[in-house]
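Everything below belongs to coords34.txt, which stores compact mmCIF, N, CA and C atoms.
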```txt
# COMPACT_ATOMS: atom_id res chain seq x y z
N MET A 1 -40.93 66.70 72.43
CA MET A 1 -39.91 65.76 71.96
C MET A 1 -40.54 64.80 70.96
N TYR A 2 -39.74 64.36 70.02
CA TYR A 2 -40.24 63.39 69.06
C TYR A 2 -39.15 62.37 68.76
N SER A 3 -39.54 61.30 68.07
CA SER A 3 -38.64 60.19 67.76
C SER A 3 -38.76 59.80 66.31
N ILE A 4 -37.74 59.13 65.83
CA ILE A 4 -37.73 58.53 64.49
C ILE A 4 -37.38 57.06 64.67
N SER A 5 -38.15 56.18 64.04
CA SER A 5 -37.88 54.74 64.07
C SER A 5 -37.82 54.24 62.63
N ILE A 6 -36.82 53.42 62.34
CA ILE A 6 -36.64 52.84 61.01
C ILE A 6 -36.17 51.39 61.20
N SER A 7 -36.76 50.46 60.46
CA SER A 7 -36.29 49.07 60.45
C SER A 7 -35.76 48.76 59.06
N LEU A 8 -34.71 47.94 59.02
CA LEU A 8 -34.05 47.65 57.76
C LEU A 8 -33.43 46.26 57.81
N ASN A 9 -33.63 45.46 56.77
CA ASN A 9 -32.98 44.15 56.64
C ASN A 9 -31.66 44.33 55.90
N ILE A 10 -30.62 43.76 56.46
CA ILE A 10 -29.29 43.83 55.85
C ILE A 10 -28.79 42.41 55.64
N GLU A 11 -28.39 42.11 54.42
CA GLU A 11 -27.94 40.75 54.08
C GLU A 11 -26.47 40.56 54.46
N ALA A 12 -26.23 40.60 55.76
CA ALA A 12 -24.91 40.37 56.35
C ALA A 12 -25.14 40.00 57.81
N PRO A 13 -24.23 39.25 58.40
CA PRO A 13 -24.39 38.85 59.80
C PRO A 13 -24.34 40.06 60.75
N ALA A 14 -25.00 39.92 61.89
CA ALA A 14 -25.03 40.98 62.89
C ALA A 14 -23.61 41.40 63.32
N ALA A 15 -22.70 40.44 63.38
CA ALA A 15 -21.32 40.77 63.78
C ALA A 15 -20.68 41.75 62.82
N PHE A 16 -20.97 41.60 61.52
CA PHE A 16 -20.39 42.52 60.54
C PHE A 16 -21.08 43.88 60.59
N VAL A 17 -22.39 43.89 60.77
CA VAL A 17 -23.12 45.17 60.89
C VAL A 17 -22.64 45.91 62.13
N PHE A 18 -22.46 45.20 63.22
CA PHE A 18 -21.93 45.80 64.45
C PHE A 18 -20.57 46.44 64.18
N GLU A 19 -19.73 45.74 63.45
CA GLU A 19 -18.41 46.27 63.11
C GLU A 19 -18.54 47.57 62.30
N ALA A 20 -19.49 47.60 61.37
CA ALA A 20 -19.70 48.81 60.56
C ALA A 20 -20.22 49.98 61.39
N LEU A 21 -20.84 49.69 62.52
CA LEU A 21 -21.37 50.74 63.40
C LEU A 21 -20.33 51.23 64.42
N THR A 22 -19.23 50.51 64.55
CA THR A 22 -18.25 50.85 65.59
C THR A 22 -16.84 51.08 65.07
N ASN A 23 -16.51 50.58 63.90
CA ASN A 23 -15.17 50.70 63.34
C ASN A 23 -15.02 52.04 62.61
N GLN A 24 -14.02 52.80 62.98
CA GLN A 24 -13.80 54.13 62.43
C GLN A 24 -13.76 54.13 60.90
N ASP A 25 -13.03 53.22 60.29
CA ASP A 25 -12.92 53.18 58.83
C ASP A 25 -14.25 52.85 58.17
N LEU A 26 -14.98 51.89 58.72
CA LEU A 26 -16.28 51.53 58.15
C LEU A 26 -17.31 52.65 58.36
N LEU A 27 -17.28 53.31 59.51
CA LEU A 27 -18.19 54.45 59.76
C LEU A 27 -18.00 55.53 58.69
N SER A 28 -16.75 55.76 58.29
CA SER A 28 -16.49 56.80 57.29
C SER A 28 -16.99 56.41 55.90
N ARG A 29 -17.27 55.15 55.68
CA ARG A 29 -17.78 54.71 54.37
C ARG A 29 -19.28 54.89 54.23
N TRP A 30 -20.00 54.94 55.36
CA TRP A 30 -21.45 55.05 55.24
C TRP A 30 -22.05 56.27 55.94
N PHE A 31 -21.35 56.84 56.93
CA PHE A 31 -21.98 57.90 57.71
C PHE A 31 -21.37 59.27 57.44
N ALA A 32 -20.12 59.47 57.75
CA ALA A 32 -19.48 60.78 57.60
C ALA A 32 -18.11 60.60 56.97
N PRO A 33 -17.69 61.55 56.14
CA PRO A 33 -16.39 61.42 55.47
C PRO A 33 -15.21 61.39 56.44
N GLN A 34 -15.33 62.11 57.55
CA GLN A 34 -14.25 62.14 58.53
C GLN A 34 -14.79 61.67 59.88
N VAL A 35 -14.13 60.66 60.43
CA VAL A 35 -14.60 60.05 61.68
C VAL A 35 -13.42 59.82 62.61
N ILE A 36 -13.63 60.15 63.86
CA ILE A 36 -12.71 59.74 64.92
C ILE A 36 -13.58 58.96 65.91
N ALA A 37 -13.32 57.67 66.03
CA ALA A 37 -14.16 56.83 66.89
C ALA A 37 -13.36 55.67 67.44
N VAL A 38 -13.59 55.39 68.71
CA VAL A 38 -13.00 54.23 69.38
C VAL A 38 -14.17 53.46 69.98
N PRO A 39 -14.28 52.16 69.68
CA PRO A 39 -15.44 51.39 70.16
C PRO A 39 -15.34 51.00 71.64
N VAL A 40 -15.37 52.01 72.50
CA VAL A 40 -15.29 51.82 73.95
C VAL A 40 -16.35 52.69 74.60
N GLU A 41 -17.16 52.09 75.46
CA GLU A 41 -18.19 52.87 76.15
C GLU A 41 -17.57 54.06 76.88
N GLY A 42 -18.26 55.21 76.81
CA GLY A 42 -17.81 56.42 77.47
C GLY A 42 -16.97 57.33 76.59
N THR A 43 -16.50 56.83 75.44
CA THR A 43 -15.74 57.68 74.53
C THR A 43 -16.70 58.54 73.71
N VAL A 44 -16.16 59.57 73.09
CA VAL A 44 -16.96 60.45 72.25
C VAL A 44 -16.43 60.34 70.83
N ALA A 45 -17.31 59.99 69.90
CA ALA A 45 -16.96 59.90 68.49
C ALA A 45 -17.26 61.23 67.83
N ALA A 46 -16.37 61.66 66.93
CA ALA A 46 -16.55 62.91 66.20
C ALA A 46 -16.79 62.58 64.73
N PHE A 47 -17.82 63.20 64.18
CA PHE A 47 -18.21 63.00 62.78
C PHE A 47 -18.20 64.35 62.08
N ALA A 48 -17.40 64.50 61.02
CA ALA A 48 -17.32 65.75 60.28
C ALA A 48 -17.89 65.55 58.88
N PHE A 49 -18.81 66.44 58.52
CA PHE A 49 -19.44 66.44 57.21
C PHE A 49 -19.00 67.71 56.48
N GLU A 50 -19.52 67.93 55.29
CA GLU A 50 -19.24 69.15 54.55
C GLU A 50 -19.91 70.34 55.23
N PHE A 51 -19.51 71.53 54.82
CA PHE A 51 -20.14 72.77 55.27
C PHE A 51 -20.09 72.94 56.79
N ASP A 52 -19.01 72.53 57.41
CA ASP A 52 -18.82 72.70 58.85
C ASP A 52 -19.88 72.02 59.70
N LEU A 53 -20.54 71.01 59.18
CA LEU A 53 -21.51 70.25 59.96
C LEU A 53 -20.76 69.16 60.70
N ASN A 54 -20.79 69.23 62.01
CA ASN A 54 -20.05 68.28 62.83
C ASN A 54 -20.95 67.79 63.97
N PHE A 55 -20.78 66.53 64.31
CA PHE A 55 -21.51 65.94 65.43
C PHE A 55 -20.53 65.24 66.34
N LYS A 56 -20.85 65.23 67.60
CA LYS A 56 -20.11 64.42 68.56
C LYS A 56 -21.13 63.57 69.30
N MET A 57 -20.86 62.27 69.30
CA MET A 57 -21.76 61.31 69.92
C MET A 57 -20.99 60.53 70.99
N GLU A 58 -21.53 60.57 72.21
CA GLU A 58 -20.96 59.75 73.27
C GLU A 58 -21.43 58.31 73.06
N LEU A 59 -20.52 57.39 73.14
CA LEU A 59 -20.85 55.98 73.03
C LEU A 59 -21.28 55.51 74.42
N VAL A 60 -22.58 55.48 74.64
CA VAL A 60 -23.14 55.20 75.97
C VAL A 60 -23.14 53.71 76.28
N GLN A 61 -23.52 52.90 75.28
CA GLN A 61 -23.64 51.46 75.54
C GLN A 61 -23.31 50.67 74.29
N LEU A 62 -22.57 49.59 74.50
CA LEU A 62 -22.24 48.61 73.45
C LEU A 62 -22.58 47.23 73.96
N LYS A 63 -23.31 46.47 73.16
CA LYS A 63 -23.50 45.04 73.41
C LYS A 63 -23.07 44.36 72.12
N LYS A 64 -21.94 43.71 72.17
CA LYS A 64 -21.34 43.15 70.96
C LYS A 64 -22.37 42.40 70.12
N ASP A 65 -22.44 42.80 68.86
CA ASP A 65 -23.31 42.20 67.84
C ASP A 65 -24.80 42.42 68.10
N HIS A 66 -25.17 43.27 69.08
CA HIS A 66 -26.58 43.47 69.40
C HIS A 66 -27.01 44.93 69.52
N LEU A 67 -26.15 45.82 70.03
CA LEU A 67 -26.60 47.18 70.31
C LEU A 67 -25.44 48.17 70.27
N VAL A 68 -25.71 49.31 69.62
CA VAL A 68 -24.84 50.47 69.69
C VAL A 68 -25.74 51.64 70.07
N PHE A 69 -25.39 52.33 71.17
CA PHE A 69 -26.25 53.39 71.70
C PHE A 69 -25.43 54.66 71.89
N TRP A 70 -25.81 55.73 71.17
CA TRP A 70 -25.12 57.01 71.25
C TRP A 70 -26.01 58.06 71.91
N ARG A 71 -25.37 59.06 72.50
CA ARG A 71 -26.07 60.27 72.95
C ARG A 71 -25.34 61.46 72.35
N CYS A 72 -26.08 62.34 71.68
CA CYS A 72 -25.48 63.49 71.02
C CYS A 72 -25.04 64.51 72.07
N VAL A 73 -23.75 64.87 72.02
CA VAL A 73 -23.22 65.86 72.96
C VAL A 73 -22.81 67.16 72.27
N ASP A 74 -22.80 67.17 70.92
CA ASP A 74 -22.50 68.39 70.18
C ASP A 74 -22.99 68.23 68.75
N GLY A 75 -23.45 69.31 68.16
CA GLY A 75 -23.97 69.30 66.80
C GLY A 75 -25.16 70.23 66.71
N TYR A 76 -26.16 69.85 65.92
CA TYR A 76 -27.39 70.66 65.86
C TYR A 76 -27.94 70.84 67.26
N LYS A 77 -28.35 72.05 67.60
CA LYS A 77 -28.84 72.29 68.97
C LYS A 77 -30.05 71.42 69.29
N GLU A 78 -30.90 71.14 68.28
CA GLU A 78 -32.07 70.30 68.54
C GLU A 78 -31.72 68.82 68.71
N TRP A 79 -30.47 68.46 68.44
CA TRP A 79 -30.02 67.08 68.64
C TRP A 79 -29.31 66.88 69.98
N ILE A 80 -28.87 67.95 70.62
CA ILE A 80 -28.12 67.81 71.87
C ILE A 80 -28.96 67.02 72.87
N ASP A 81 -28.36 66.04 73.47
CA ASP A 81 -28.97 65.11 74.42
C ASP A 81 -29.97 64.14 73.79
N SER A 82 -30.08 64.15 72.47
CA SER A 82 -30.91 63.12 71.84
C SER A 82 -30.15 61.80 71.85
N GLU A 83 -30.87 60.70 71.68
CA GLU A 83 -30.29 59.36 71.80
C GLU A 83 -30.52 58.58 70.51
N VAL A 84 -29.48 57.90 70.08
CA VAL A 84 -29.53 57.12 68.84
C VAL A 84 -29.20 55.67 69.18
N ALA A 85 -30.12 54.76 68.84
CA ALA A 85 -29.91 53.34 69.12
C ALA A 85 -29.96 52.53 67.83
N PHE A 86 -29.00 51.65 67.68
CA PHE A 86 -28.97 50.67 66.59
C PHE A 86 -29.09 49.30 67.25
N LYS A 87 -30.25 48.67 67.14
CA LYS A 87 -30.45 47.33 67.70
C LYS A 87 -30.37 46.32 66.56
N LEU A 88 -29.63 45.25 66.79
CA LEU A 88 -29.39 44.24 65.76
C LEU A 88 -29.98 42.90 66.18
N GLU A 89 -30.73 42.29 65.27
CA GLU A 89 -31.28 40.95 65.50
C GLU A 89 -30.84 40.05 64.34
N GLN A 90 -30.13 38.96 64.68
CA GLN A 90 -29.66 38.00 63.69
C GLN A 90 -30.84 37.18 63.18
N GLU A 91 -30.94 37.07 61.85
CA GLU A 91 -32.02 36.30 61.23
C GLU A 91 -31.48 35.50 60.05
N GLU A 92 -31.09 34.26 60.26
CA GLU A 92 -30.63 33.35 59.21
C GLU A 92 -29.72 34.00 58.18
N GLY A 93 -28.54 34.42 58.61
CA GLY A 93 -27.55 35.00 57.72
C GLY A 93 -27.74 36.47 57.43
N ALA A 94 -28.85 37.02 57.85
CA ALA A 94 -29.12 38.44 57.65
C ALA A 94 -29.32 39.10 59.02
N THR A 95 -29.44 40.41 58.99
CA THR A 95 -29.62 41.17 60.23
C THR A 95 -30.81 42.10 60.08
N LEU A 96 -31.66 42.09 61.08
CA LEU A 96 -32.72 43.10 61.16
C LEU A 96 -32.18 44.23 62.03
N LEU A 97 -32.04 45.40 61.43
CA LEU A 97 -31.59 46.59 62.15
C LEU A 97 -32.82 47.39 62.56
N LYS A 98 -32.92 47.65 63.86
CA LYS A 98 -33.99 48.51 64.39
C LYS A 98 -33.32 49.78 64.89
N PHE A 99 -33.55 50.84 64.16
CA PHE A 99 -32.93 52.13 64.45
C PHE A 99 -33.94 53.04 65.13
N LYS A 100 -33.47 53.81 66.11
CA LYS A 100 -34.34 54.77 66.77
C LYS A 100 -33.53 55.99 67.18
N HIS A 101 -34.07 57.16 66.88
CA HIS A 101 -33.47 58.43 67.31
C HIS A 101 -34.51 59.12 68.17
N ASP A 102 -34.26 59.21 69.47
CA ASP A 102 -35.20 59.73 70.46
C ASP A 102 -34.79 61.12 70.97
N ASN A 103 -35.78 61.80 71.53
CA ASN A 103 -35.58 63.07 72.24
C ASN A 103 -35.15 64.21 71.33
N LEU A 104 -35.60 64.20 70.09
CA LEU A 104 -35.34 65.32 69.19
C LEU A 104 -36.31 66.44 69.54
N THR A 105 -35.85 67.68 69.44
CA THR A 105 -36.68 68.78 69.92
C THR A 105 -37.33 69.62 68.83
N ASN A 106 -36.94 69.44 67.56
CA ASN A 106 -37.51 70.26 66.50
C ASN A 106 -38.41 69.41 65.61
N GLU A 107 -39.69 69.39 65.93
CA GLU A 107 -40.63 68.56 65.18
C GLU A 107 -40.75 69.01 63.73
N GLU A 108 -40.53 70.30 63.47
CA GLU A 108 -40.64 70.81 62.10
C GLU A 108 -39.61 70.18 61.18
N LYS A 109 -38.50 69.72 61.72
CA LYS A 109 -37.44 69.11 60.90
C LYS A 109 -37.52 67.59 60.89
N ARG A 110 -38.62 67.03 61.40
CA ARG A 110 -38.75 65.58 61.50
C ARG A 110 -38.58 64.89 60.14
N ASP A 111 -39.27 65.37 59.12
CA ASP A 111 -39.19 64.72 57.81
C ASP A 111 -37.79 64.80 57.22
N LYS A 112 -37.14 65.95 57.37
CA LYS A 112 -35.78 66.10 56.86
C LYS A 112 -34.83 65.17 57.61
N THR A 113 -34.98 65.08 58.93
CA THR A 113 -34.13 64.21 59.73
C THR A 113 -34.36 62.75 59.37
N ARG A 114 -35.62 62.36 59.22
CA ARG A 114 -35.94 60.98 58.82
C ARG A 114 -35.33 60.66 57.45
N LYS A 115 -35.44 61.59 56.51
CA LYS A 115 -34.88 61.38 55.17
C LYS A 115 -33.36 61.19 55.25
N SER A 116 -32.71 62.03 56.06
CA SER A 116 -31.26 61.91 56.20
C SER A 116 -30.88 60.55 56.78
N TRP A 117 -31.57 60.13 57.85
CA TRP A 117 -31.26 58.83 58.45
C TRP A 117 -31.55 57.69 57.48
N ASN A 118 -32.62 57.79 56.69
CA ASN A 118 -32.90 56.77 55.68
C ASN A 118 -31.74 56.65 54.70
N GLU A 119 -31.21 57.77 54.27
CA GLU A 119 -30.07 57.75 53.34
C GLU A 119 -28.84 57.13 53.99
N TYR A 120 -28.54 57.53 55.23
CA TYR A 120 -27.38 56.96 55.92
C TYR A 120 -27.54 55.45 56.11
N LEU A 121 -28.72 55.02 56.50
CA LEU A 121 -28.94 53.58 56.74
C LEU A 121 -28.90 52.79 55.44
N GLN A 122 -29.35 53.37 54.35
CA GLN A 122 -29.21 52.70 53.05
C GLN A 122 -27.74 52.59 52.68
N ASN A 123 -26.95 53.60 53.01
CA ASN A 123 -25.49 53.53 52.79
C ASN A 123 -24.88 52.42 53.66
N LEU A 124 -25.34 52.32 54.91
CA LEU A 124 -24.87 51.25 55.80
C LEU A 124 -25.18 49.89 55.18
N LYS A 125 -26.39 49.71 54.72
CA LYS A 125 -26.82 48.45 54.08
C LYS A 125 -25.91 48.13 52.89
N ARG A 126 -25.68 49.12 52.02
CA ARG A 126 -24.86 48.93 50.83
C ARG A 126 -23.44 48.53 51.21
N VAL A 127 -22.85 49.23 52.19
CA VAL A 127 -21.48 48.93 52.62
C VAL A 127 -21.42 47.52 53.21
N CYS A 128 -22.34 47.19 54.09
CA CYS A 128 -22.31 45.86 54.72
C CYS A 128 -22.49 44.75 53.70
N GLU A 129 -23.44 44.91 52.81
CA GLU A 129 -23.71 43.85 51.84
C GLU A 129 -22.59 43.71 50.81
N SER A 130 -21.98 44.83 50.39
CA SER A 130 -20.92 44.73 49.40
C SER A 130 -19.60 44.26 50.04
N GLU A 131 -19.32 44.71 51.25
CA GLU A 131 -18.07 44.33 51.92
C GLU A 131 -18.12 42.88 52.41
N TYR A 132 -19.28 42.44 52.89
CA TYR A 132 -19.38 41.10 53.45
C TYR A 132 -19.48 40.03 52.35
N ASN A 133 -20.27 40.30 51.34
CA ASN A 133 -20.52 39.28 50.28
C ASN A 133 -19.47 39.26 49.22
```
Write-out of the structure in structure tokens:
Amino acid sequence: MYSISISLNIEAPAAFVFEALTNQDLLSRWFAPQVIAVPVEGTVAAFAFEFDLNFKMELVQLKKDHLVFWRCVDGYKEWIDSEVAFKLEQEEGATLLKFKHDNLTNEEKRDKTRKSWNEYLQNLKRVCESEYN
């Protein structure tokens, strides 16, 4: 098993970043073009990308303005049962996002997976900073 960790400063309050991680419309602006998501623990969010790439993530834990925690229940076989955490720390008008994707099973795809998450998180940063400011 392997993990990916990424930290990112976002020039928007943690409350707004949290909203972008849980609101269906905002998720579709930075993560996947088609999203079905309800910000309630125990629900399963569906993310549809091009080329029949689809993921389903169970929303395991929410701590308002602090944590969004998913567990992959469908998608790439090496992602099944992997865990994705978005931890938010408020820092004087900005947010430090600590991202972690744990329990991935295909180490050979680590760099590709890290690159993809970097792109998604940069999209998150862009959406939060442009929408909030």
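Taking all atoms listed in the file into account, the residues near (-41.3, 64.9, 70.6), no farther than 8 Å, are Met1, Tyr2, Ser3, Asp102, Asn103, Leu104, Thr105, Asn106 and Glu107 of chain A.
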Could you check how far atom CA of A:Glu19 sits from atom CA of A:Gln90, in Å to one decimal?
-> 14.0 Å
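For the choices A:Leu53, A:Leu121, A:Asp74, A:Pro39, the atom-to-atom distance to A:Phe86 is smallest for A:Leu121 when using only C-alpha atoms.
Surrounding residues of (-22.1, 48.7, 52.9) at most 10 Å away are Ile10, Glu11, Ala12, Phe16, Val17, Ala20, Leu26, Leu27, Arg29, Trp30, Leu121, Gln122, Asn123, Leu124, Lys125, Arg126, Val127, Cys128, Glu129, Ser130, Glu131, Tyr132 and Asn133 of chain A (based on only C-alpha atoms).
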Taking the chain letters and numbering used in this document, name the residues of stretch 32-73 of chain A that DSSP puts in strand (DSSP E), as a PyMOL selection string.
-> chain A and resi 34-36+44-48+54-63+67-73
Could the residues in this selection be written to a file with N, CA and C atoms, as a PDB file, keeping the file's coordinate frame?
```
ATOM      1  N   GLN A  34     -15.330  62.110  57.550  1.00  0.00           N
ATOM      2  CA  GLN A  34     -14.250  62.140  58.530  1.00  0.00           C
ATOM      3  C   GLN A  34     -14.790  61.670  59.880  1.00  0.00           C
ATOM      4  N   VAL A  35     -14.130  60.660  60.430  1.00  0.00           N
ATOM      5  CA  VAL A  35     -14.600  60.050  61.680  1.00  0.00           C
ATOM      6  C   VAL A  35     -13.420  59.820  62.610  1.00  0.00           C
ATOM      7  N   ILE A  36     -13.630  60.150  63.860  1.00  0.00           N
ATOM      8  CA  ILE A  36     -12.710  59.740  64.920  1.00  0.00           C
ATOM      9  C   ILE A  36     -13.580  58.960  65.910  1.00  0.00           C
ATOM     10  N   VAL A  44     -16.160  59.570  73.090  1.00  0.00           N
ATOM     11  CA  VAL A  44     -16.960  60.450  72.250  1.00  0.00           C
ATOM     12  C   VAL A  44     -16.430  60.340  70.830  1.00  0.00           C
ATOM     13  N   ALA A  45     -17.310  59.990  69.900  1.00  0.00           N
ATOM     14  CA  ALA A  45     -16.960  59.900  68.490  1.00  0.00           C
ATOM     15  C   ALA A  45     -17.260  61.230  67.830  1.00  0.00           C
ATOM     16  N   ALA A  46     -16.370  61.660  66.930  1.00  0.00           N
ATOM     17  CA  ALA A  46     -16.550  62.910  66.200  1.00  0.00           C
ATOM     18  C   ALA A  46     -16.790  62.580  64.730  1.00  0.00           C
ATOM     19  N   PHE A  47     -17.820  63.200  64.180  1.00  0.00           N
ATOM     20  CA  PHE A  47     -18.210  63.000  62.780  1.00  0.00           C
ATOM     21  C   PHE A  47     -18.200  64.350  62.080  1.00  0.00           C
ATOM     22  N   ALA A  48     -17.400  64.500  61.020  1.00  0.00           N
ATOM     23  CA  ALA A  48     -17.320  65.750  60.280  1.00  0.00           C
ATOM     24  C   ALA A  48     -17.890  65.550  58.880  1.00  0.00           C
ATOM     25  N   ASN A  54     -20.790  69.230  62.010  1.00  0.00           N
ATOM     26  CA  ASN A  54     -20.050  68.280  62.830  1.00  0.00           C
ATOM     27  C   ASN A  54     -20.950  67.790  63.970  1.00  0.00           C
ATOM     28  N   PHE A  55     -20.780  66.530  64.310  1.00  0.00           N
ATOM     29  CA  PHE A  55     -21.510  65.940  65.430  1.00  0.00           C
ATOM     30  C   PHE A  55     -20.530  65.240  66.340  1.00  0.00           C
ATOM     31  N   LYS A  56     -20.850  65.230  67.600  1.00  0.00           N
ATOM     32  CA  LYS A  56     -20.110  64.420  68.560  1.00  0.00           C
ATOM     33  C   LYS A  56     -21.130  63.570  69.300  1.00  0.00           C
ATOM     34  N   MET A  57     -20.860  62.270  69.300  1.00  0.00           N
ATOM     35  CA  MET A  57     -21.760  61.310  69.920  1.00  0.00           C
ATOM     36  C   MET A  57     -20.990  60.530  70.990  1.00  0.00           C
ATOM     37  N   GLU A  58     -21.530  60.570  72.210  1.00  0.00           N
ATOM     38  CA  GLU A  58     -20.960  59.750  73.270  1.00  0.00           C
ATOM     39  C   GLU A  58     -21.430  58.310  73.060  1.00  0.00           C
ATOM     40  N   LEU A  59     -20.520  57.390  73.140  1.00  0.00           N
ATOM     41  CA  LEU A  59     -20.850  55.980  73.030  1.00  0.00           C
ATOM     42  C   LEU A  59     -21.280  55.510  74.420  1.00  0.00           C
ATOM     43  N   VAL A  60     -22.580  55.480  74.640  1.00  0.00           N
ATOM     44  CA  VAL A  60     -23.140  55.200  75.970  1.00  0.00           C
ATOM     45  C   VAL A  60     -23.140  53.710  76.280  1.00  0.00           C
ATOM     46  N   GLN A  61     -23.520  52.900  75.280  1.00  0.00           N
ATOM     47  CA  GLN A  61     -23.640  51.460  75.540  1.00  0.00           C
ATOM     48  C   GLN A  61     -23.310  50.670  74.290  1.00  0.00           C
ATOM     49  N   LEU A  62     -22.570  49.590  74.500  1.00  0.00           N
ATOM     50  CA  LEU A  62     -22.240  48.610  73.450  1.00  0.00           C
ATOM     51  C   LEU A  62     -22.580  47.230  73.960  1.00  0.00           C
ATOM     52  N   LYS A  63     -23.310  46.470  73.160  1.00  0.00           N
ATOM     53  CA  LYS A  63     -23.500  45.040  73.410  1.00  0.00           C
ATOM     54  C   LYS A  63     -23.070  44.360  72.120  1.00  0.00           C
ATOM     55  N   LEU A  67     -26.150  45.820  70.030  1.00  0.00           N
ATOM     56  CA  LEU A  67     -26.600  47.180  70.310  1.00  0.00           C
ATOM     57  C   LEU A  67     -25.440  48.170  70.270  1.00  0.00           C
ATOM     58  N   VAL A  68     -25.710  49.310  69.620  1.00  0.00           N
ATOM     59  CA  VAL A  68     -24.840  50.470  69.690  1.00  0.00           C
ATOM     60  C   VAL A  68     -25.740  51.640  70.070  1.00  0.00           C
ATOM     61  N   PHE A  69     -25.390  52.330  71.170  1.00  0.00           N
ATOM     62  CA  PHE A  69     -26.250  53.390  71.700  1.00  0.00           C
ATOM     63  C   PHE A  69     -25.430  54.660  71.890  1.00  0.00           C
ATOM     64  N   TRP A  70     -25.810  55.730  71.170  1.00  0.00           N
ATOM     65  CA  TRP A  70     -25.120  57.010  71.250  1.00  0.00           C
ATOM     66  C   TRP A  70     -26.010  58.060  71.910  1.00  0.00           C
ATOM     67  N   ARG A  71     -25.370  59.060  72.500  1.00  0.00           N
ATOM     68  CA  ARG A  71     -26.070  60.270  72.950  1.00  0.00           C
ATOM     69  C   ARG A  71     -25.340  61.460  72.350  1.00  0.00           C
ATOM     70  N   CYS A  72     -26.080  62.340  71.680  1.00  0.00           N
ATOM     71  CA  CYS A  72     -25.480  63.490  71.020  1.00  0.00           C
ATOM     72  C   CYS A  72     -25.040  64.510  72.070  1.00  0.00           C
ATOM     73  N   VAL A  73     -23.750  64.870  72.020  1.00  0.00           N
ATOM     74  CA  VAL A  73     -23.220  65.860  72.960  1.00  0.00           C
ATOM     75  C   VAL A  73     -22.810  67.160  72.270  1.00  0.00           C
TER      76      VAL A  73
END
```
What are the nearest atom pairs, with distances in Å to one decimal, for all residues of stretch 22-132 of chain A that come at most 5 Å from stretch 5-9 of chain A, using all atoms listed in the file, set out by chain and rising residue number as a tab-separated table?
```
residue	atom	partner	partner_atom	distance
A:Thr95	C	A:Asn9	CA	4.6
A:Leu96	CA	A:Asn9	CA	4.6
A:Leu97	N	A:Leu8	C	4.0
A:Lys98	CA	A:Ser7	CA	4.6
A:Phe99	N	A:Ile6	C	4.0
A:Lys100	CA	A:Ser5	CA	4.5
```
Tell me which protein, DNA and RNA residues are within 12 Å of A:Val35, counting only C-alpha atoms, leaving out same-chain ones fewer than 2 positions away, and put them as a list in words.
-> Leu21, Thr22, Asn23, Gln24, Asp25, Leu26, Leu27, Ser28, Arg29, Trp30, Phe31, Ala32, Pro33, Ala37, Val38, Val44, Ala45, Ala46, Phe47, Ala48, Phe49, Asn54, Phe55, Lys56 and Met57 of chain A
Find the distance between atom N of A:His101 and atom N of A:Val84 and write it in Å to one decimal.
-> 5.6 Å
Between atom CA of A:Tyr120 and atom N of A:Glu78 - distance in Å to one decimal = 19.1 Å
From chain A, collect each residue whose DSSP state is helix (DSSP H, G or I) and return the set as an MDAnalysis selection string.
-> chainID A and resid 14:22 24:30 77:79 107:132
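With only C-alpha atoms as the atoms that count, the residue of A:Glu108, A:Gln34, A:Pro13, A:Glu83 with the shortest distance to A:Glu58 is A:Glu83.
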